[in-house]
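query_20.txt follows; it contains compact mmCIF, C-alpha atoms.
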# COMPACT_ATOMS: atom_id res chain seq x y z
CA MET E 508 -99.78 86.65 182.54
CA SER E 509 -96.07 86.10 182.87
CA LEU E 510 -92.63 86.80 181.43
CA GLN E 511 -93.44 84.22 178.75
CA SER E 512 -96.65 86.03 177.79
CA TRP E 513 -94.63 89.28 177.63
CA LYS E 514 -92.07 87.62 175.34
CA ASN E 515 -94.85 86.24 173.16
CA GLU E 516 -96.21 89.76 172.69
CA PHE E 517 -93.10 91.95 172.66
CA TYR E 518 -90.11 89.70 172.02
CA PRO E 519 -91.37 86.74 169.97
CA THR E 520 -88.10 86.35 168.06
CA LYS E 521 -84.58 86.49 169.48
CA ALA E 522 -82.52 89.53 168.52
CA SER E 523 -79.85 87.31 167.00
CA SER E 524 -82.39 86.27 164.34
CA TYR E 525 -81.97 89.72 162.75
CA LEU E 526 -78.26 89.53 161.92
CA ASP E 527 -78.96 89.05 158.21
CA SER E 528 -82.28 90.88 158.06
CA PRO E 529 -82.77 94.40 156.70
CA TRP E 530 -82.10 97.18 159.21
CA LYS E 531 -85.78 98.16 159.09
CA ASP E 532 -86.68 94.77 160.62
CA ALA E 533 -84.07 95.16 163.38
CA ILE E 534 -85.40 98.65 164.16
CA ASP E 535 -88.97 97.33 164.31
CA HIS E 536 -87.89 94.46 166.60
CA SER E 537 -86.14 96.87 168.98
CA LEU E 538 -89.05 99.28 169.02
CA LYS E 539 -91.50 96.47 169.81
CA LYS E 540 -89.33 95.29 172.72
CA TRP E 541 -89.11 98.80 174.16
CA GLU E 542 -92.87 99.34 173.78
CA GLY E 543 -93.20 96.31 176.03
CA LEU E 544 -91.18 98.01 178.75
CA THR E 545 -93.76 100.69 179.50
CA LYS E 546 -95.50 100.54 182.86
CA ASN E 547 -98.82 99.48 181.31
CA SER E 548 -97.22 96.57 179.45
CA ILE E 549 -95.23 95.43 182.46
CA ASP E 550 -98.27 95.59 184.72
CA LYS E 551 -100.44 93.80 182.14
CA HIS E 552 -98.03 90.83 182.17
CA ASN E 553 -97.60 90.81 185.96
CA LEU E 554 -93.90 91.69 185.86
CA LEU E 555 -91.49 93.77 187.87
CA LEU E 556 -88.78 95.92 186.36
CA SER E 557 -85.61 96.63 188.31
CA ASN E 558 -82.30 97.99 186.99
CA GLY E 559 -82.90 96.70 183.49
CA VAL E 560 -84.17 93.28 184.56
CA LEU E 561 -87.71 92.04 183.86
CA ILE E 562 -88.86 89.77 186.66
CA ASP E 563 -91.89 87.50 186.68
CA LYS E 564 -93.86 88.28 189.86
CA GLU E 565 -95.11 84.70 190.15
CA ASP E 566 -91.67 83.13 189.73
CA GLN E 567 -88.97 85.64 190.55
CA THR E 568 -86.27 83.28 189.31
CA ASN E 569 -87.73 83.79 185.82
CA ARG E 570 -85.93 86.90 184.55
CA MET E 571 -84.80 88.66 181.43
CA HIS E 572 -81.76 90.91 181.67
CA LEU E 573 -82.10 93.64 179.06
CA SER E 574 -78.77 94.32 177.42
CA PHE E 575 -76.71 94.37 174.24
CA SER E 576 -77.27 90.62 173.93
CA ASN E 577 -81.01 90.98 173.29
CA CYS E 578 -80.90 94.09 171.13
CA ALA E 579 -81.32 93.39 167.41
CA LEU E 580 -79.64 96.70 166.53
CA CYS E 581 -76.60 96.07 168.72
CA LEU E 582 -76.10 92.52 167.50
CA LYS E 583 -76.60 93.42 163.83
CA SER E 584 -74.22 96.38 164.13
CA GLU E 585 -71.57 94.23 165.77
CA ASN E 586 -72.00 91.54 163.10
CA GLU E 587 -71.73 94.04 160.24
CA LEU E 588 -68.72 95.73 161.80
CA TYR E 589 -67.01 92.39 162.27
CA ASN E 590 -67.71 91.38 158.65
CA ASP E 591 -66.63 94.69 157.07
CA PRO E 592 -62.98 94.50 155.95
CA GLU E 593 -62.75 98.32 155.99
CA MET E 594 -63.56 98.49 159.70
CA ASP E 595 -61.26 97.84 162.60
CA PHE E 596 -63.26 95.59 164.90
CA HIS E 597 -60.89 96.34 167.78
CA SER E 598 -60.95 100.16 167.61
CA ASP E 599 -64.21 101.15 165.89
CA PRO E 600 -67.19 101.45 168.26
CA ILE E 601 -69.55 98.46 168.12
CA CYS E 602 -72.44 100.77 167.29
CA LYS E 603 -70.71 102.36 164.30
CA LYS E 604 -73.02 100.56 161.84
CA CYS E 605 -76.21 101.07 163.88
CA PRO E 606 -78.87 103.39 162.41
CA ILE E 607 -79.08 105.14 165.79
CA TYR E 608 -75.40 106.05 165.53
CA LEU E 609 -75.55 106.86 161.82
CA ILE E 610 -78.63 109.07 162.05
CA SER E 611 -78.12 110.76 165.43
CA GLU E 612 -74.28 110.63 165.44
CA THR E 613 -74.30 109.21 168.94
CA ASN E 614 -75.06 105.91 170.60
CA CYS E 615 -78.01 105.05 172.86
CA GLU E 616 -75.96 104.81 176.08
CA PHE E 617 -77.69 107.79 177.72
CA GLN E 618 -81.15 106.38 176.98
CA PHE E 619 -80.21 102.90 178.19
CA ASP E 620 -78.62 104.23 181.38
CA THR E 621 -81.73 106.33 182.07
CA PHE E 622 -83.84 103.22 181.62
CA LYS E 623 -81.75 101.20 184.05
CA GLU E 624 -81.51 103.95 186.68
CA ARG E 625 -85.15 105.10 186.56
CA ASN E 626 -86.99 102.14 184.97
CA ASP E 627 -88.03 104.65 182.32
CA PRO E 628 -88.17 103.34 178.74
CA LEU E 629 -89.53 106.60 177.27
CA PRO E 630 -86.18 108.18 176.28
CA MET E 631 -85.23 105.02 174.37
CA LEU E 632 -88.71 104.72 172.87
CA SER E 633 -88.55 108.34 171.68
CA LEU E 634 -85.14 107.77 170.15
CA LEU E 635 -86.22 104.57 168.39
CA MET E 636 -89.40 106.16 167.04
CA ARG E 637 -87.36 109.05 165.64
CA ILE E 638 -84.82 106.66 164.13
CA GLN E 639 -87.58 104.53 162.61
CA GLU E 640 -89.16 107.60 161.00
CA ASP E 641 -85.84 109.06 159.82
CA TYR E 642 -84.73 105.69 158.49
CA LYS E 643 -87.94 105.26 156.46
CA ASN E 644 -87.50 108.70 154.90
CA ASN E 645 -83.73 108.70 154.41
CA PRO E 646 -81.79 105.55 155.30
CA PRO E 647 -78.10 106.14 156.00
CA SER E 648 -75.98 105.21 152.99
CA SER E 649 -73.89 102.67 154.87
CA THR E 650 -76.98 100.63 155.79
CA THR E 651 -78.81 100.74 152.46
CA GLN E 652 -76.35 98.43 150.75
CA SER E 653 -77.02 95.54 153.12
CA ASP E 654 -80.76 96.25 153.08
CA SER E 655 -81.03 96.19 149.29
CA ALA E 656 -78.94 93.02 149.08
CA GLU E 657 -81.27 91.29 151.55
CA SER E 658 -84.61 92.53 150.22
Whole structure, structure tokens version:
Amino acid sequence: MSLQSWKNEFYPTKASSYLDSPWKDAIDHSLKKWEGLTKNSIDKHNLLLSNGVLIDKEDQTNRMHLSFSNCALCLKSENELYNDPEMDFHSDPICKKCPIYLISETNCEFQFDTFKERNDPLPMLSLLMRIQEDYKNNPPSSTTQSDSAES
């Protein structure tokens, strides 16, 4: 097992592929990635996790830095903010269009920082599971328009 086998299972499609997809798909992609960051999944694929970096034990030059750039929710939110003429791309927070922000009225910075500091994906997983459930039952009004146009 390796970083590639981990990507095949938990990150088979790049986050940037979800820019024009419904929010539900971006949420599912993010949740799958974070499920892959549990100790069992990391051990199964023979990886190390350190400060938000997945490292292949067999080839430690083979790494994946977990960040905004491989989060489907972050990238989709940024894209929608940038393409919304009513938003100010320079002063509105990047996560303003994200279901996490719209449903919980905060961003995921605390959960991500906890992950990086403690190698603990559970706070982010809990948040994403709650967002996924809340989104299914009552999608925020500012995300439903793009979802219905794309479905």
Q. With only C-alpha atoms as the basis for distance, which of E:Leu582, E:Ile562, E:Leu538, E:Ile607 is at the shortest distance from E:Tyr518?
A.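 Between E:Leu582, E:Ile562, E:Leu538, E:Ile607, the residue approaching E:Tyr518 most closely is E:Leu538.
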Any idea what's packed within 6 Å of stretch 622-638 of chain E, counting only C-alpha atoms, ignoring anything in its chain fewer than 4 positions away? Could you give it as a PDB file with C-alpha atoms, keeping the file's coordinate frame?
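Just written: part39.pdb:
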ATOM      1  CA  ASN E 558     -82.300  97.990 186.990  1.00  0.00           C
ATOM      2  CA  GLY E 559     -82.900  96.700 183.490  1.00  0.00           C
ATOM      3  CA  GLN E 618     -81.150 106.380 176.980  1.00  0.00           C
ATOM      4  CA  TYR E 642     -84.730 105.690 158.490  1.00  0.00           C
TER       5      TYR E 642
END
Q: Find the residues with any atom within 12 Å of (-103.4, 88.2, 180.8); use only C-alpha atoms and the coordinates as given in the file, and write the answer as a ChimeraX atom specification.
A: /E:508-513,515-516,548-554
Atom CA of E:Ser584 to atom CA of E:Ala522 measures 11.6 Å
Please return the centre and edge lengths, in Å to one decimal, of a box with edges along x, y and z that contains all listed atoms of stretch 632-642 of chain E, widened by 5 Å on every side, as JSON.
{"center_x": -87.1, "center_y": 106.8, "center_z": 165.7, "size_x": 14.7, "size_y": 14.5, "size_z": 24.4}
Atom CA of E:Asp641 to atom CA of E:Phe617 measures 19.7 Å
key: Distance in Å - atom CA of E:Gly543 versus atom CA of E:Ile601   =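 Atom CA of E:Gly543 sits 25.0 Å away from atom CA of E:Ile601.
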Using all atoms listed in the file, which residues sit within 10 Å of E:Thr613 once same-chain residues fewer than 6 positions away are excluded, as a compact mmCIF listing (two decimals) with C-alpha atoms, in the frame of the given file?
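Result file is part_8.txt:
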# COMPACT_ATOMS: atom_id res chain seq x y z
CA CYS E 602 -72.44 100.77 167.29
CA LYS E 603 -70.71 102.36 164.30
CA CYS E 605 -76.21 101.07 163.88
CA PRO E 606 -78.87 103.39 162.41
CA ILE E 607 -79.08 105.14 165.79
request  = Just give me the residues with any atom within 9 Å of (-79.2, 96.0, 168.9), file coordinates, counting only C-alpha atoms, written as an MDAnalysis selection string.
outcome  = chainID E and resid 522:523 533:534 537 574:585 602 605
Taking C-alpha atoms for each residue, export the selection above as a CSV table (one decimal), in the coordinates of the input.
chain,number,residue,atom,x,y,z
E,522,ALA,CA,-82.5,89.5,168.5
E,523,SER,CA,-79.8,87.3,167.0
E,533,ALA,CA,-84.1,95.2,163.4
E,534,ILE,CA,-85.4,98.6,164.2
E,537,SER,CA,-86.1,96.9,169.0
E,574,SER,CA,-78.8,94.3,177.4
E,575,PHE,CA,-76.7,94.4,174.2
E,576,SER,CA,-77.3,90.6,173.9
E,577,ASN,CA,-81.0,91.0,173.3
E,578,CYS,CA,-80.9,94.1,171.1
E,579,ALA,CA,-81.3,93.4,167.4
E,580,LEU,CA,-79.6,96.7,166.5
E,581,CYS,CA,-76.6,96.1,168.7
E,582,LEU,CA,-76.1,92.5,167.5
E,583,LYS,CA,-76.6,93.4,163.8
E,584,SER,CA,-74.2,96.4,164.1
E,585,GLU,CA,-71.6,94.2,165.8
E,602,CYS,CA,-72.4,100.8,167.3
E,605,CYS,CA,-76.2,101.1,163.9
The residue from E:Asn590, E:Gln567, E:Asn645, E:Asn614 with the smallest atom-to-atom distance to E:Leu526, counting only C-alpha atoms, is E:Asn590
*If we count all atoms listed in the file, what is near E:Asp527 at a cut-off of 8 Å, once residues fewer than 2 positions away on the same chain are taken out, given as a list in words?*
Ser524, Tyr525, Pro529, Lys583 and Glu657 of chain E
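The residue set within 10 Å of E:Pro646, counting all atoms listed in the file and dropping same-chain residues fewer than 5 places from it, reads Trp530, Lys531, Pro606, Leu609, Ile610, Ile638, Gln639, Glu640, Asp641, Thr651 and Asp654 of chain E.
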Can you spit out stretch 510-650 of chain E with C-alpha atoms, as a compact mmCIF listing (two decimals), in the first residue's frame, from the structure just given?
# COMPACT_ATOMS: atom_id res chain seq x y z
CA LEU E 510 0.09 7.16 -1.02
CA GLN E 511 -1.19 6.24 -4.49
CA SER E 512 -3.38 3.45 -3.08
CA TRP E 513 -4.69 5.94 -0.49
CA LYS E 514 -5.53 8.43 -3.25
CA ASN E 515 -7.23 5.70 -5.25
CA GLU E 516 -9.48 4.94 -2.28
CA PHE E 517 -10.02 8.34 -0.65
CA TYR E 518 -9.07 11.00 -3.19
CA PRO E 519 -9.70 9.51 -6.65
CA THR E 520 -10.68 12.85 -8.18
CA LYS E 521 -8.94 16.20 -7.69
CA ALA E 522 -10.86 18.77 -5.67
CA SER E 523 -10.75 21.22 -8.57
CA SER E 524 -13.00 18.82 -10.52
CA TYR E 525 -15.90 19.92 -8.30
CA LEU E 526 -15.96 23.61 -9.18
CA ASP E 527 -19.09 23.22 -11.30
CA SER E 528 -20.58 20.24 -9.48
CA PRO E 529 -23.47 20.43 -7.01
CA TRP E 530 -22.45 21.25 -3.44
CA LYS E 531 -23.58 17.80 -2.32
CA ASP E 532 -20.83 16.26 -4.48
CA ALA E 533 -18.19 18.60 -3.06
CA ILE E 534 -19.32 17.76 0.49
CA ASP E 535 -19.15 14.02 -0.28
CA HIS E 536 -15.65 14.43 -1.79
CA SER E 537 -14.41 16.29 1.29
CA LEU E 538 -15.94 13.78 3.68
CA LYS E 539 -14.33 10.87 1.81
CA LYS E 540 -10.91 12.55 1.97
CA TRP E 541 -11.23 13.14 5.71
CA GLU E 542 -12.40 9.57 6.33
CA GLY E 543 -9.10 8.56 4.77
CA LEU E 544 -7.18 10.54 7.38
CA THR E 545 -8.17 8.34 10.31
CA LYS E 546 -5.43 6.27 11.93
CA ASN E 547 -6.83 3.00 10.56
CA SER E 548 -6.86 4.32 6.98
CA ILE E 549 -3.39 5.81 7.24
CA ASP E 550 -1.97 2.62 8.73
CA LYS E 551 -3.74 0.47 6.12
CA HIS E 552 -1.97 2.39 3.33
CA ASN E 553 1.42 2.44 5.08
CA LEU E 554 1.51 6.22 5.48
CA LEU E 555 2.69 8.71 8.05
CA LEU E 556 0.80 11.85 8.97
CA SER E 557 2.68 14.88 10.24
CA ASN E 558 1.43 18.47 10.51
CA GLY E 559 -1.14 18.03 7.77
CA VAL E 560 1.17 16.15 5.40
CA LEU E 561 0.57 12.56 4.29
CA ILE E 562 3.89 10.81 3.74
CA ASP E 563 4.47 7.48 2.03
CA LYS E 564 6.58 5.35 4.40
CA GLU E 565 8.28 3.55 1.51
CA ASP E 566 9.18 6.74 -0.37
CA GLN E 567 9.17 9.69 1.99
CA THR E 568 9.59 12.12 -0.90
CA ASN E 569 6.07 11.09 -2.00
CA ARG E 570 3.82 13.46 -0.03
CA MET E 571 0.46 15.15 -0.08
CA HIS E 572 0.11 18.46 1.74
CA LEU E 573 -3.47 18.78 2.92
CA SER E 574 -4.70 22.33 2.44
CA PHE E 575 -7.17 24.67 0.79
CA SER E 576 -5.81 23.59 -2.59
CA ASN E 577 -7.12 20.02 -2.25
CA CYS E 578 -10.42 20.81 -0.57
CA ALA E 579 -13.42 20.66 -2.93
CA LEU E 580 -15.45 22.89 -0.59
CA CYS E 581 -12.76 25.57 -0.36
CA LEU E 582 -12.12 25.65 -4.09
CA LYS E 583 -15.82 25.65 -5.02
CA SER E 584 -16.54 28.41 -2.49
CA GLU E 585 -13.70 30.52 -3.82
CA ASN E 586 -14.86 29.96 -7.40
CA GLU E 587 -18.47 30.88 -6.60
CA LEU E 588 -17.41 33.95 -4.65
CA TYR E 589 -15.20 35.07 -7.50
CA ASN E 590 -18.00 34.59 -10.04
CA ASP E 591 -20.74 36.31 -7.99
CA PRO E 592 -21.06 39.98 -9.01
CA GLU E 593 -22.74 40.78 -5.67
CA MET E 594 -19.70 39.64 -3.68
CA ASP E 595 -16.51 41.53 -3.07
CA PHE E 596 -13.78 38.99 -3.76
CA HIS E 597 -11.24 41.16 -1.94
CA SER E 598 -13.15 41.69 1.32
CA ASP E 599 -15.62 38.80 1.65
CA PRO E 600 -14.16 35.68 3.30
CA ILE E 601 -13.28 32.93 0.83
CA CYS E 602 -15.52 30.51 2.71
CA LYS E 603 -18.59 32.75 2.52
CA LYS E 604 -20.28 30.44 -0.03
CA CYS E 605 -19.23 27.19 1.68
CA PRO E 606 -22.00 25.07 3.23
CA ILE E 607 -19.88 24.79 6.39
CA TYR E 608 -19.95 28.58 6.75
CA LEU E 609 -23.59 28.91 5.70
CA ILE E 610 -24.89 26.19 8.02
CA SER E 611 -22.63 26.62 11.06
CA GLU E 612 -21.96 30.37 10.61
CA THR E 613 -18.25 29.80 11.04
CA ASN E 614 -15.40 28.39 9.00
CA CYS E 615 -13.50 25.15 9.59
CA GLU E 616 -10.25 26.81 10.73
CA PHE E 617 -10.46 25.39 14.27
CA GLN E 618 -11.00 21.85 12.99
CA PHE E 619 -8.20 22.13 10.44
CA ASP E 620 -5.77 23.58 12.98
CA THR E 621 -6.62 20.78 15.42
CA PHE E 622 -5.92 18.27 12.67
CA LYS E 623 -2.54 19.79 11.87
CA GLU E 624 -1.47 20.18 15.51
CA ARG E 625 -2.68 16.79 16.78
CA ASN E 626 -2.99 14.68 13.60
CA ASP E 627 -6.62 14.31 14.62
CA PRO E 628 -9.17 14.31 11.78
CA LEU E 629 -12.17 13.61 14.05
CA PRO E 630 -13.24 17.24 14.67
CA MET E 631 -13.30 17.88 10.91
CA LEU E 632 -15.02 14.57 10.24
CA SER E 633 -17.70 15.38 12.82
CA LEU E 634 -18.24 18.80 11.30
CA LEU E 635 -18.48 17.43 7.75
CA MET E 636 -20.89 14.67 8.78
CA ARG E 637 -23.12 17.25 10.47
CA ILE E 638 -22.94 19.54 7.44
CA GLN E 639 -23.72 16.64 5.09
CA GLU E 640 -26.79 15.72 7.14
CA ASP E 641 -27.97 19.32 7.57
CA TYR E 642 -27.40 20.02 3.89
CA LYS E 643 -29.49 17.01 2.83
CA ASN E 644 -32.37 18.11 5.06
CA ASN E 645 -32.20 21.86 4.49
CA PRO E 646 -29.67 23.21 1.99
CA PRO E 647 -28.74 26.86 2.52
CA SER E 648 -30.62 29.10 0.09
CA SER E 649 -27.47 30.59 -1.42
CA THR E 650 -26.22 27.15 -2.49
